[in-house]
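Data file: input-v8.txt. Format and content: compact mmCIF, C-alpha atoms and all ligand atoms.
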```txt
# COMPACT_ATOMS: atom_id res chain seq x y z
CA MET A 1 4.93 4.97 -39.34
CA SER A 2 1.64 5.93 -37.72
CA LYS A 3 0.92 3.51 -34.87
CA SER A 4 3.77 2.55 -32.55
CA PRO A 5 4.25 -1.23 -32.66
CA ASP A 6 5.21 -2.35 -29.19
CA ARG A 7 6.36 -5.97 -29.51
CA LEU A 8 9.50 -5.97 -31.53
CA VAL A 9 11.58 -8.89 -32.83
CA ILE A 10 14.66 -8.13 -34.92
CA LEU A 11 16.71 -10.71 -36.83
CA THR A 12 20.20 -9.86 -38.05
CA GLY A 13 22.60 -11.63 -40.37
CA ALA A 14 26.11 -11.20 -41.70
CA GLY A 15 25.13 -8.09 -43.69
CA ILE A 16 24.88 -5.96 -40.54
CA SER A 17 28.55 -6.64 -39.77
CA ALA A 18 29.80 -6.25 -43.36
CA GLU A 19 30.45 -2.52 -43.01
CA SER A 20 32.52 -3.24 -39.88
CA GLY A 21 34.82 -5.25 -42.14
CA LEU A 22 33.64 -8.84 -41.58
CA PRO A 23 32.95 -10.77 -44.80
CA THR A 24 29.48 -12.23 -45.37
CA PHE A 25 28.99 -15.94 -46.08
CA ARG A 26 27.50 -15.78 -49.54
CA GLY A 27 29.18 -12.64 -50.88
CA ALA A 28 31.87 -12.68 -53.56
CA ASP A 29 34.47 -12.85 -50.75
CA GLY A 30 32.38 -15.32 -48.74
CA LEU A 31 34.35 -18.47 -49.44
CA TRP A 32 37.46 -19.43 -47.55
CA GLU A 33 40.42 -21.20 -49.17
CA GLY A 34 38.12 -22.56 -51.84
CA HIS A 35 35.85 -24.38 -49.35
CA ARG A 36 32.11 -24.02 -49.18
CA VAL A 37 30.95 -22.89 -45.73
CA GLU A 38 29.19 -26.24 -45.29
CA ASP A 39 32.53 -28.02 -45.76
CA VAL A 40 34.12 -26.32 -42.76
CA ALA A 41 31.01 -25.76 -40.66
CA SER A 42 29.61 -29.22 -40.00
CA PRO A 43 30.24 -32.01 -37.46
CA VAL A 44 31.33 -34.24 -40.36
CA ALA A 45 33.92 -31.66 -41.46
CA PHE A 46 35.20 -31.38 -37.86
CA ALA A 47 35.54 -35.17 -37.53
CA ARG A 48 37.33 -35.37 -40.90
CA ASP A 49 39.76 -32.48 -40.47
CA PRO A 50 39.62 -30.75 -37.05
CA GLU A 51 42.74 -28.72 -37.78
CA LEU A 52 41.17 -27.16 -40.87
CA VAL A 53 37.96 -26.34 -39.00
CA HIS A 54 39.89 -24.84 -36.05
CA ARG A 55 41.96 -22.78 -38.48
CA PHE A 56 38.80 -21.44 -40.13
CA TYR A 57 37.37 -20.29 -36.78
CA ASN A 58 40.74 -19.14 -35.37
CA LEU A 59 41.02 -16.72 -38.30
CA ARG A 60 37.52 -15.46 -37.77
CA ARG A 61 38.05 -15.10 -34.00
CA ALA A 62 41.27 -13.15 -34.63
CA ALA A 63 39.43 -10.91 -37.10
CA LEU A 64 37.07 -9.82 -34.30
CA ARG A 65 39.99 -8.03 -32.66
CA THR A 66 40.38 -5.81 -35.73
CA VAL A 67 36.77 -4.61 -36.07
CA GLU A 68 34.31 -2.40 -34.18
CA PRO A 69 30.51 -2.19 -34.02
CA ASN A 70 29.11 0.10 -36.73
CA ALA A 71 26.27 2.61 -36.79
CA ALA A 72 23.68 -0.14 -37.35
CA HIS A 73 24.76 -2.19 -34.30
CA LEU A 74 24.84 0.98 -32.18
CA ALA A 75 21.39 2.09 -33.39
CA LEU A 76 19.84 -1.25 -32.37
CA ALA A 77 21.37 -0.94 -28.89
CA ARG A 78 19.97 2.60 -28.67
CA LEU A 79 16.55 1.32 -29.74
CA GLU A 80 16.57 -1.42 -27.10
CA ALA A 81 17.50 1.05 -24.35
CA ALA A 82 14.67 3.46 -25.26
CA TRP A 83 11.98 0.96 -26.31
CA ARG A 84 9.01 0.77 -23.94
CA GLY A 85 7.50 -2.43 -25.35
CA SER A 86 8.98 -5.91 -25.49
CA PHE A 87 12.18 -6.26 -27.47
CA LEU A 88 14.21 -9.20 -28.70
CA LEU A 89 17.24 -9.11 -30.97
CA VAL A 90 18.05 -12.47 -32.56
CA THR A 91 21.30 -12.74 -34.44
CA GLN A 92 22.62 -15.45 -36.71
CA ASN A 93 26.02 -13.82 -36.39
CA VAL A 94 28.75 -15.46 -34.36
CA ASP A 95 30.68 -12.20 -33.99
CA ASP A 96 30.37 -10.14 -30.80
CA LEU A 97 29.56 -6.77 -32.39
CA HIS A 98 25.98 -6.53 -31.05
CA ASP A 99 27.27 -7.36 -27.56
CA ARG A 100 30.00 -4.74 -27.81
CA ALA A 101 27.49 -2.17 -29.12
CA GLY A 102 25.51 -2.64 -25.90
CA SER A 103 22.63 -4.96 -26.94
CA ARG A 104 21.41 -7.02 -23.97
CA ARG A 105 18.11 -8.62 -25.01
CA LEU A 106 20.15 -10.58 -27.53
CA LEU A 107 20.17 -14.24 -28.53
CA HIS A 108 22.99 -15.74 -30.61
CA MET A 109 21.07 -18.52 -32.36
CA HIS A 110 24.15 -19.84 -34.22
CA GLY A 111 26.53 -19.66 -31.24
CA GLU A 112 29.47 -17.37 -30.55
CA LEU A 113 33.05 -17.20 -31.79
CA ILE A 114 34.28 -16.12 -28.37
CA ARG A 115 33.09 -19.31 -26.70
CA ALA A 116 34.37 -22.90 -26.71
CA ARG A 117 32.59 -26.13 -25.82
CA CYS A 118 33.72 -29.61 -24.80
CA LYS A 119 32.20 -32.48 -26.77
CA ALA A 120 33.07 -34.88 -23.93
CA CYS A 121 31.45 -33.17 -20.91
CA ARG A 122 29.43 -30.39 -22.70
CA HIS A 123 31.04 -27.67 -20.59
CA GLY A 124 30.99 -24.29 -22.36
CA TRP A 125 33.23 -21.32 -21.59
CA GLU A 126 34.34 -17.93 -22.88
CA TRP A 127 37.48 -18.30 -25.01
CA ARG A 128 39.07 -15.57 -27.12
CA ASP A 129 42.30 -17.28 -28.25
CA ASP A 130 43.09 -19.94 -30.84
CA LEU A 131 41.78 -23.50 -30.46
CA SER A 132 43.48 -26.67 -31.73
CA PRO A 133 43.03 -30.44 -31.51
CA ASP A 134 45.35 -30.21 -28.44
CA SER A 135 43.15 -27.75 -26.55
CA ILE A 136 42.19 -29.01 -23.10
CA CYS A 137 38.76 -28.68 -21.50
CA PRO A 138 39.10 -26.74 -18.21
CA SER A 139 36.27 -28.77 -16.70
CA CYS A 140 37.00 -32.44 -17.52
CA GLY A 141 40.67 -32.10 -18.54
CA LYS A 142 40.24 -34.00 -21.82
CA SER A 143 42.01 -32.88 -24.98
CA GLY A 144 40.88 -33.46 -28.56
CA ARG A 145 37.24 -32.81 -27.73
CA VAL A 146 37.18 -29.02 -27.60
CA ARG A 147 35.26 -27.29 -30.39
CA PRO A 148 34.09 -23.78 -31.21
CA ASP A 149 30.69 -23.07 -29.60
CA ILE A 150 29.13 -22.59 -33.02
CA VAL A 151 25.98 -24.18 -34.46
CA TRP A 152 27.07 -26.12 -37.52
CA PHE A 153 25.04 -27.39 -40.45
CA GLY A 154 22.98 -30.35 -39.31
CA GLU A 155 22.82 -29.08 -35.71
CA GLU A 156 19.88 -27.41 -34.00
CA PRO A 157 20.07 -23.64 -33.54
CA LEU A 158 20.00 -22.31 -29.97
CA HIS A 159 17.16 -20.60 -28.06
CA LEU A 160 14.45 -21.65 -30.52
CA GLY A 161 11.76 -21.90 -27.82
CA GLU A 162 12.28 -18.33 -26.67
CA ILE A 163 12.57 -17.07 -30.26
CA PHE A 164 9.36 -18.70 -31.51
CA ASP A 165 7.55 -17.51 -28.40
CA ALA A 166 8.57 -13.90 -29.14
CA LEU A 167 7.72 -14.28 -32.84
CA SER A 168 4.26 -15.57 -32.01
CA ARG A 169 3.56 -12.36 -30.04
CA ALA A 170 5.40 -9.89 -32.29
CA SER A 171 3.70 -6.82 -33.72
CA LEU A 172 6.74 -5.79 -35.78
CA PHE A 173 9.42 -8.06 -37.24
CA ILE A 174 12.53 -6.61 -38.87
CA ALA A 175 15.18 -8.64 -40.76
CA ILE A 176 18.49 -6.92 -41.41
CA GLY A 177 21.34 -8.11 -43.65
CA THR A 178 20.36 -11.74 -44.01
CA SER A 179 20.03 -13.61 -47.30
CA GLY A 180 17.08 -15.79 -46.26
CA HIS A 181 18.81 -19.01 -47.29
CA VAL A 182 19.25 -20.73 -43.93
CA TYR A 183 16.32 -22.16 -41.97
CA PRO A 184 14.79 -21.86 -39.46
CA ALA A 185 15.79 -18.14 -39.46
CA ALA A 186 14.58 -17.70 -43.05
CA GLY A 187 11.09 -18.75 -41.93
CA PHE A 188 10.81 -16.35 -38.97
CA VAL A 189 9.09 -13.77 -41.17
CA ASP A 190 6.28 -16.21 -41.93
CA VAL A 191 5.80 -17.06 -38.25
CA ALA A 192 5.69 -13.38 -37.27
CA ARG A 193 3.32 -12.43 -40.07
CA GLY A 194 1.15 -15.43 -39.27
CA ALA A 195 0.84 -13.95 -35.77
CA GLY A 196 -0.25 -10.62 -37.24
CA ALA A 197 3.06 -8.75 -37.23
CA ARG A 198 4.12 -6.26 -39.86
CA ALA A 199 7.47 -7.21 -41.45
CA ILE A 200 10.25 -4.98 -42.77
CA GLU A 201 13.37 -6.19 -44.58
CA ILE A 202 16.57 -4.15 -44.77
CA ASN A 203 19.18 -5.41 -47.22
CA LEU A 204 21.53 -4.21 -49.94
CA ALA A 205 19.56 -6.27 -52.44
CA ASP A 206 16.45 -8.43 -52.81
CA THR A 207 16.75 -11.78 -51.02
CA ALA A 208 15.26 -15.26 -51.20
CA ALA A 209 12.77 -14.15 -48.52
CA SER A 210 11.91 -10.65 -49.80
CA ALA A 211 8.47 -11.56 -51.12
CA ALA A 212 7.34 -12.46 -47.60
CA PHE A 213 7.85 -8.92 -46.23
CA ASP A 214 5.32 -6.07 -46.15
CA GLU A 215 8.05 -3.52 -46.76
CA ARG A 216 11.58 -3.67 -48.19
CA ARG A 217 14.21 -1.01 -47.67
CA THR A 218 17.18 -1.38 -49.99
CA GLY A 219 20.59 0.01 -49.06
CA PRO A 220 23.44 -0.27 -46.57
CA ALA A 221 22.56 -1.17 -42.99
CA THR A 222 24.61 1.71 -41.56
CA ASP A 223 22.29 4.19 -43.32
CA LEU A 224 18.96 2.41 -43.13
CA VAL A 225 19.03 0.97 -39.60
CA PRO A 226 19.72 4.28 -37.79
CA ALA A 227 16.98 5.90 -39.92
CA LEU A 228 14.44 3.20 -39.05
CA VAL A 229 15.39 3.40 -35.37
CA GLU A 230 14.74 7.15 -35.37
CA GLU A 231 11.33 6.52 -37.01
CA LEU A 232 10.40 3.89 -34.45
CA LEU A 233 11.42 6.05 -31.51
CA ALA A 234 9.59 9.06 -32.95
CA ALA A 235 6.44 6.92 -33.44
CA GLN A 236 6.77 5.64 -29.87
CA SER A 237 6.97 9.15 -28.46
CA VAL A 238 3.71 10.20 -30.14
CA GLY A 239 2.05 6.77 -29.87
P1 LIG B 1 24.69 -14.27 -46.02
O1 LIG B 1 26.13 -14.09 -46.35
O2 LIG B 1 23.98 -15.45 -46.58
O3 LIG B 1 23.88 -12.98 -46.46
C1 LIG B 1 24.28 -11.68 -46.13
C2 LIG B 1 23.21 -10.72 -46.59
O4 LIG B 1 23.60 -9.42 -46.19
C3 LIG B 1 23.00 -10.68 -48.12
O5 LIG B 1 21.61 -10.77 -48.40
C4 LIG B 1 23.57 -9.31 -48.52
O6 LIG B 1 22.83 -8.73 -49.61
C5 LIG B 1 23.35 -8.51 -47.25
N1 LIG B 1 24.28 -7.39 -47.05
C6 LIG B 1 25.62 -7.37 -47.32
N2 LIG B 1 26.14 -6.20 -46.96
C7 LIG B 1 25.13 -5.45 -46.46
C8 LIG B 1 25.03 -4.11 -45.92
N3 LIG B 1 26.09 -3.33 -45.81
N4 LIG B 1 23.81 -3.69 -45.51
C9 LIG B 1 22.72 -4.48 -45.61
N5 LIG B 1 22.75 -5.73 -46.10
C10 LIG B 1 23.93 -6.21 -46.52
O7 LIG B 1 24.60 -14.24 -44.42
P2 LIG B 1 23.43 -14.75 -43.45
O8 LIG B 1 22.09 -14.54 -44.07
O9 LIG B 1 23.69 -14.14 -42.13
O10 LIG B 1 25.19 -20.11 -40.50
O11 LIG B 1 23.74 -16.28 -43.39
C11 LIG B 1 22.94 -17.09 -42.57
C12 LIG B 1 23.76 -18.23 -42.03
O12 LIG B 1 24.39 -18.92 -43.10
C13 LIG B 1 24.94 -17.83 -41.14
O13 LIG B 1 24.57 -17.56 -39.82
C14 LIG B 1 25.81 -19.03 -41.23
C15 LIG B 1 25.76 -19.23 -42.71
O14 LIG B 1 26.06 -20.47 -43.17
C16 LIG B 1 25.96 -21.02 -39.87
O15 LIG B 1 27.17 -20.96 -39.83
C17 LIG B 1 25.16 -22.10 -39.19
```
Can I see the file as C-alpha cells?
Ligand code: OAD
Amino acid sequence: MSKSPDRLVILTGAGISAESGLPTFRGADGLWEGHRVEDVASPVAFARDPELVHRFYNLRRAALRTVEPNAAHLALARLEAAWRGSFLLVTQNVDDLHDRAGSRRLLHMHGELIRARCKACRHGWEWRDDLSPDSICPSCGKSGRVRPDIVWFGEEPLHLGEIFDALSRASLFIAIGTSGHVYPAAGFVDVARGAGARAIEINLADTAASAAFDERRTGPATDLVPALVEELLAAQSVG
C-alpha cells in the first residue's frame, strides 16, 4: 500500500465474530430451531410470539458471556488508537466484542444485545440478563412492552446520517465478514467508491457484493485483519 489513506470507514459483519465462537446468520449453523432469521427478527414476529423472540435473544445474550474478542477485533481497536486520520467503525453485529476489544469510534447500526428498549415510552437502557413478556420498563413501569434494542427486518438501521456522512468523505472503505445480503449496509461500498474511496473486502469466500470492491482478500478474519492493520499503520508511518 503506497499512499496512506487517511479517512477510513470499516464495516463489519457476523464473520468477524465467528472465530470467537458466535454463529453467523447465513452459515450452515445460522438457523435457530428451524426458523429463518426473519421469522424471529421482525416486529411482526414479536407481536405474534414475543416469548419465542425473547428466547432467541436471551440465548444470544447468554452466549456473549462465553466468548471473547478475537485477534481481528483487537487489531481494529489497535488501528483506531494509532490512526492519525478520521476513523469510523460501523458494525452490523449486535454482540459487544468490538466494545470489549476497545473500539470507541464505533456505531452499532443494528442495535445491541446488551440493551433493552420500551415500546411504550421509548426509554432505552443497558440490560445483560434475560427479557420476557413480563419484563418491566424502569422508566414508565409498564410490562409487556419491553423488547431487545435490536433493529429488526422492516425497521430503519441506526446512525445512518453519521454513517453516510463518513462514507461520502472516505478514502478507504473496508468490509470484513459480511455477506452483502442486507441493505443498506450492502450498498455502503458503492457510496464510498462513488465518493472516490478505494474498497477492500475481507471474507472467507466471495460474497454477493464482491464485484463492487477494488481488492478482495480471502481467508479468516483473525489472520487477514491483523495483517491489513499492520500494512495500514506501516503506510501511515511513511506516508
Ligand atoms: P452473514 O451470516 O450473512 O454473513 C457472514 C459472512 O461472514 C459470510 O460472508 C461468511 O463467508 C463470512 N465469514 C464467516 N466466517 C468468517 C471468518 N472467520 N473470517 C472472515 N469472514 C467470515 O452475516 P452479516 O453479513 O453480518 O441483521 O449479516 C448481515 C445482517 O443480516 C445481520 O446484521 C443481521 C442479519 O439478518 C439483522 O438482524 C437486522
Hey, which residues sit close to ligand LIG 1 (chain B)? Say within 7 Å, counting all atoms listed in the file, and write them as number ranges by chain. A: 12-16, 18-19, 24-27, 30, 37-38, 41, 92-93, 110, 151-153, 176-182, 202-205, 207, 219-222
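Distance-wise, atom CA of A:Val225 and atom CA of A:Trp83 end up 15.0 Å apart.
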Spatial neighbours of stretch 133-149 of chain A, 12 Å, all atoms listed in the file, chain gap at least 3 places, as a ChimeraX atom specification: /A:40-43,45-47,49-58,60-61,94-95,108-130,152,155,157-158
Find the residues around A:Ser103 up to 8 Å (only C-alpha atoms counted), leave out those fewer than 2 positions away in its own chain, and share them as a PyMOL selection string. chain A and resi 76-77+80+89+98-101+105-106
Mind writing the picked residues with C-alpha atoms as an mmCIF file, in the frame of the given file?
```cif
data_model
loop_
_atom_site.group_PDB
_atom_site.id
_atom_site.type_symbol
_atom_site.label_atom_id
_atom_site.label_comp_id
_atom_site.auth_asym_id
_atom_site.auth_seq_id
_atom_site.Cartn_x
_atom_site.Cartn_y
_atom_site.Cartn_z
ATOM 1 C CA LEU A 76 19.840 -1.250 -32.370
ATOM 2 C CA ALA A 77 21.370 -0.940 -28.890
ATOM 3 C CA GLU A 80 16.570 -1.420 -27.100
ATOM 4 C CA LEU A 89 17.240 -9.110 -30.970
ATOM 5 C CA HIS A 98 25.980 -6.530 -31.050
ATOM 6 C CA ASP A 99 27.270 -7.360 -27.560
ATOM 7 C CA ARG A 100 30.000 -4.740 -27.810
ATOM 8 C CA ALA A 101 27.490 -2.170 -29.120
ATOM 9 C CA ARG A 105 18.110 -8.620 -25.010
ATOM 10 C CA LEU A 106 20.150 -10.580 -27.530
#
```
Students should find that atom CA of A:Tyr183 and atom CA of A:Arg78 are spaced 28.3 Å
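Our summary of the geometry notes that atom CA of A:Leu64 is positioned 16.0 Å from atom CA of A:Thr91.
All residues of protein, DNA or RNA that reach within 12 Å of A:Asp6, judged by all atoms listed in the file and not counting those fewer than 2 positions away in the chain, are Lys3, Ser4, Leu8, Val9, Leu79, Glu80, Ala82, Trp83, Arg84, Gly85, Ser86, Phe87, Leu88, Arg169, Ala170, Ser171, Leu172, Phe173, Ala197, Arg198, Leu232, Leu233, Ala235, Gln236, Ser237 and Gly239 of chain A.
Closest approach to A:Ala71 among A:Ser20, A:Arg217, A:Gly102, A:Ala175 is made by A:Ser20 (distances from only C-alpha atoms).
Using all atoms listed in the file for every distance, the candidate list A:Thr66, A:Ser168, A:Ser17, A:Ser132 yields A:Ser168 as the residue closest to A:Ala195.
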For A:Leu74, which residue out of A:Ala234, A:Val229, A:Glu215, A:Phe188 is the nearest one, using all atoms listed in the file? A:Val229
Got a sec to write stretch 216-228 of chain A of the block to a file, all heavy atoms, as a PDB file, in the first residue's frame?
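Once written, part_31.pdb looks like this:
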```
ATOM      1  N   ARG A 216      -9.998  -7.942  -3.080  1.00  0.00           N
ATOM      2  CA  ARG A 216     -10.608  -8.939  -2.192  1.00  0.00           C
ATOM      3  C   ARG A 216      -9.516  -9.764  -1.558  1.00  0.00           C
ATOM      4  O   ARG A 216      -8.609 -10.220  -2.237  1.00  0.00           O
ATOM      5  CB  ARG A 216     -11.533  -9.859  -2.996  1.00  0.00           C
ATOM      6  CG  ARG A 216     -12.885  -9.244  -3.214  1.00  0.00           C
ATOM      7  CD  ARG A 216     -13.277  -9.284  -4.636  1.00  0.00           C
ATOM      8  NE  ARG A 216     -13.655 -10.638  -5.039  1.00  0.00           N
ATOM      9  CZ  ARG A 216     -14.137 -10.929  -6.234  1.00  0.00           C
ATOM     10  NH1 ARG A 216     -14.290  -9.975  -7.135  1.00  0.00           N
ATOM     11  NH2 ARG A 216     -14.465 -12.150  -6.536  1.00  0.00           N
ATOM     12  N   ARG A 217      -9.608  -9.937  -0.256  1.00  0.00           N
ATOM     13  CA  ARG A 217      -8.649 -10.778   0.457  1.00  0.00           C
ATOM     14  C   ARG A 217      -9.442 -11.925   1.065  1.00  0.00           C
ATOM     15  O   ARG A 217     -10.361 -11.689   1.867  1.00  0.00           O
ATOM     16  CB  ARG A 217      -7.926  -9.986   1.533  1.00  0.00           C
ATOM     17  CG  ARG A 217      -7.147  -8.820   0.948  1.00  0.00           C
ATOM     18  CD  ARG A 217      -6.266  -8.139   1.969  1.00  0.00           C
ATOM     19  NE  ARG A 217      -5.528  -7.050   1.345  1.00  0.00           N
ATOM     20  CZ  ARG A 217      -4.512  -6.434   1.904  1.00  0.00           C
ATOM     21  NH1 ARG A 217      -4.098  -6.789   3.116  1.00  0.00           N
ATOM     22  NH2 ARG A 217      -3.885  -5.462   1.281  1.00  0.00           N
ATOM     23  N   THR A 218      -9.099 -13.149   0.683  1.00  0.00           N
ATOM     24  CA  THR A 218      -9.905 -14.301   1.056  1.00  0.00           C
ATOM     25  C   THR A 218      -9.212 -15.123   2.141  1.00  0.00           C
ATOM     26  O   THR A 218      -8.083 -15.585   1.941  1.00  0.00           O
ATOM     27  CB  THR A 218     -10.152 -15.181  -0.191  1.00  0.00           C
ATOM     28  OG1 THR A 218     -10.715 -14.354  -1.208  1.00  0.00           O
ATOM     29  CG2 THR A 218     -11.118 -16.312   0.132  1.00  0.00           C
ATOM     30  N   GLY A 219      -9.906 -15.274   3.278  1.00  0.00           N
ATOM     31  CA  GLY A 219      -9.345 -16.059   4.369  1.00  0.00           C
ATOM     32  C   GLY A 219      -9.983 -15.642   5.674  1.00  0.00           C
ATOM     33  O   GLY A 219     -10.876 -14.787   5.698  1.00  0.00           O
ATOM     34  N   PRO A 220      -9.534 -16.241   6.786  1.00  0.00           N
ATOM     35  CA  PRO A 220     -10.143 -15.938   8.083  1.00  0.00           C
ATOM     36  C   PRO A 220      -9.775 -14.545   8.593  1.00  0.00           C
ATOM     37  O   PRO A 220      -8.631 -14.101   8.447  1.00  0.00           O
ATOM     38  CB  PRO A 220      -9.583 -17.025   9.013  1.00  0.00           C
ATOM     39  CG  PRO A 220      -8.395 -17.588   8.324  1.00  0.00           C
ATOM     40  CD  PRO A 220      -8.522 -17.308   6.847  1.00  0.00           C
ATOM     41  N   ALA A 221     -10.756 -13.881   9.180  1.00  0.00           N
ATOM     42  CA  ALA A 221     -10.555 -12.518   9.677  1.00  0.00           C
ATOM     43  C   ALA A 221      -9.413 -12.440  10.681  1.00  0.00           C
ATOM     44  O   ALA A 221      -8.675 -11.454  10.704  1.00  0.00           O
ATOM     45  CB  ALA A 221     -11.848 -12.005  10.307  1.00  0.00           C
ATOM     46  N   THR A 222      -9.231 -13.461  11.504  1.00  0.00           N
ATOM     47  CA  THR A 222      -8.179 -13.367  12.538  1.00  0.00           C
ATOM     48  C   THR A 222      -6.774 -13.363  11.944  1.00  0.00           C
ATOM     49  O   THR A 222      -5.837 -12.915  12.592  1.00  0.00           O
ATOM     50  CB  THR A 222      -8.286 -14.510  13.575  1.00  0.00           C
ATOM     51  OG1 THR A 222      -8.260 -15.752  12.877  1.00  0.00           O
ATOM     52  CG2 THR A 222      -9.557 -14.398  14.398  1.00  0.00           C
ATOM     53  N   ASP A 223      -6.629 -13.861  10.704  1.00  0.00           N
ATOM     54  CA  ASP A 223      -5.327 -13.744  10.018  1.00  0.00           C
ATOM     55  C   ASP A 223      -5.250 -12.436   9.239  1.00  0.00           C
ATOM     56  O   ASP A 223      -4.279 -11.702   9.306  1.00  0.00           O
ATOM     57  CB  ASP A 223      -5.145 -14.886   8.992  1.00  0.00           C
ATOM     58  CG  ASP A 223      -4.855 -16.218   9.672  1.00  0.00           C
ATOM     59  OD1 ASP A 223      -4.540 -16.209  10.872  1.00  0.00           O
ATOM     60  OD2 ASP A 223      -4.969 -17.256   8.989  1.00  0.00           O
ATOM     61  N   LEU A 224      -6.308 -12.197   8.441  1.00  0.00           N
ATOM     62  CA  LEU A 224      -6.210 -11.123   7.445  1.00  0.00           C
ATOM     63  C   LEU A 224      -6.389  -9.724   8.030  1.00  0.00           C
ATOM     64  O   LEU A 224      -5.797  -8.772   7.519  1.00  0.00           O
ATOM     65  CB  LEU A 224      -7.245 -11.362   6.335  1.00  0.00           C
ATOM     66  CG  LEU A 224      -7.060 -12.663   5.532  1.00  0.00           C
ATOM     67  CD1 LEU A 224      -8.010 -12.705   4.350  1.00  0.00           C
ATOM     68  CD2 LEU A 224      -5.623 -12.803   5.033  1.00  0.00           C
ATOM     69  N   VAL A 225      -7.175  -9.583   9.078  1.00  0.00           N
ATOM     70  CA  VAL A 225      -7.374  -8.232   9.634  1.00  0.00           C
ATOM     71  C   VAL A 225      -6.102  -7.730  10.337  1.00  0.00           C
ATOM     72  O   VAL A 225      -5.655  -6.606  10.044  1.00  0.00           O
ATOM     73  CB  VAL A 225      -8.620  -8.174  10.548  1.00  0.00           C
ATOM     74  CG1 VAL A 225      -8.751  -6.796  11.197  1.00  0.00           C
ATOM     75  CG2 VAL A 225      -9.876  -8.509   9.742  1.00  0.00           C
ATOM     76  N   PRO A 226      -5.481  -8.520  11.213  1.00  0.00           N
ATOM     77  CA  PRO A 226      -4.220  -8.027  11.811  1.00  0.00           C
ATOM     78  C   PRO A 226      -3.173  -7.703  10.738  1.00  0.00           C
ATOM     79  O   PRO A 226      -2.453  -6.705  10.860  1.00  0.00           O
ATOM     80  CB  PRO A 226      -3.766  -9.187  12.703  1.00  0.00           C
ATOM     81  CG  PRO A 226      -5.039  -9.906  13.055  1.00  0.00           C
ATOM     82  CD  PRO A 226      -5.901  -9.801  11.831  1.00  0.00           C
ATOM     83  N   ALA A 227      -3.114  -8.502   9.670  1.00  0.00           N
ATOM     84  CA  ALA A 227      -2.124  -8.240   8.608  1.00  0.00           C
ATOM     85  C   ALA A 227      -2.416  -6.913   7.913  1.00  0.00           C
ATOM     86  O   ALA A 227      -1.507  -6.106   7.669  1.00  0.00           O
ATOM     87  CB  ALA A 227      -2.129  -9.394   7.601  1.00  0.00           C
ATOM     88  N   LEU A 228      -3.685  -6.670   7.601  1.00  0.00           N
ATOM     89  CA  LEU A 228      -4.041  -5.404   6.941  1.00  0.00           C
ATOM     90  C   LEU A 228      -3.781  -4.214   7.864  1.00  0.00           C
ATOM     91  O   LEU A 228      -3.304  -3.158   7.423  1.00  0.00           O
ATOM     92  CB  LEU A 228      -5.520  -5.444   6.514  1.00  0.00           C
ATOM     93  CG  LEU A 228      -6.068  -4.173   5.861  1.00  0.00           C
ATOM     94  CD1 LEU A 228      -5.273  -3.781   4.610  1.00  0.00           C
ATOM     95  CD2 LEU A 228      -7.550  -4.344   5.490  1.00  0.00           C
TER      96      LEU A 228
END
```
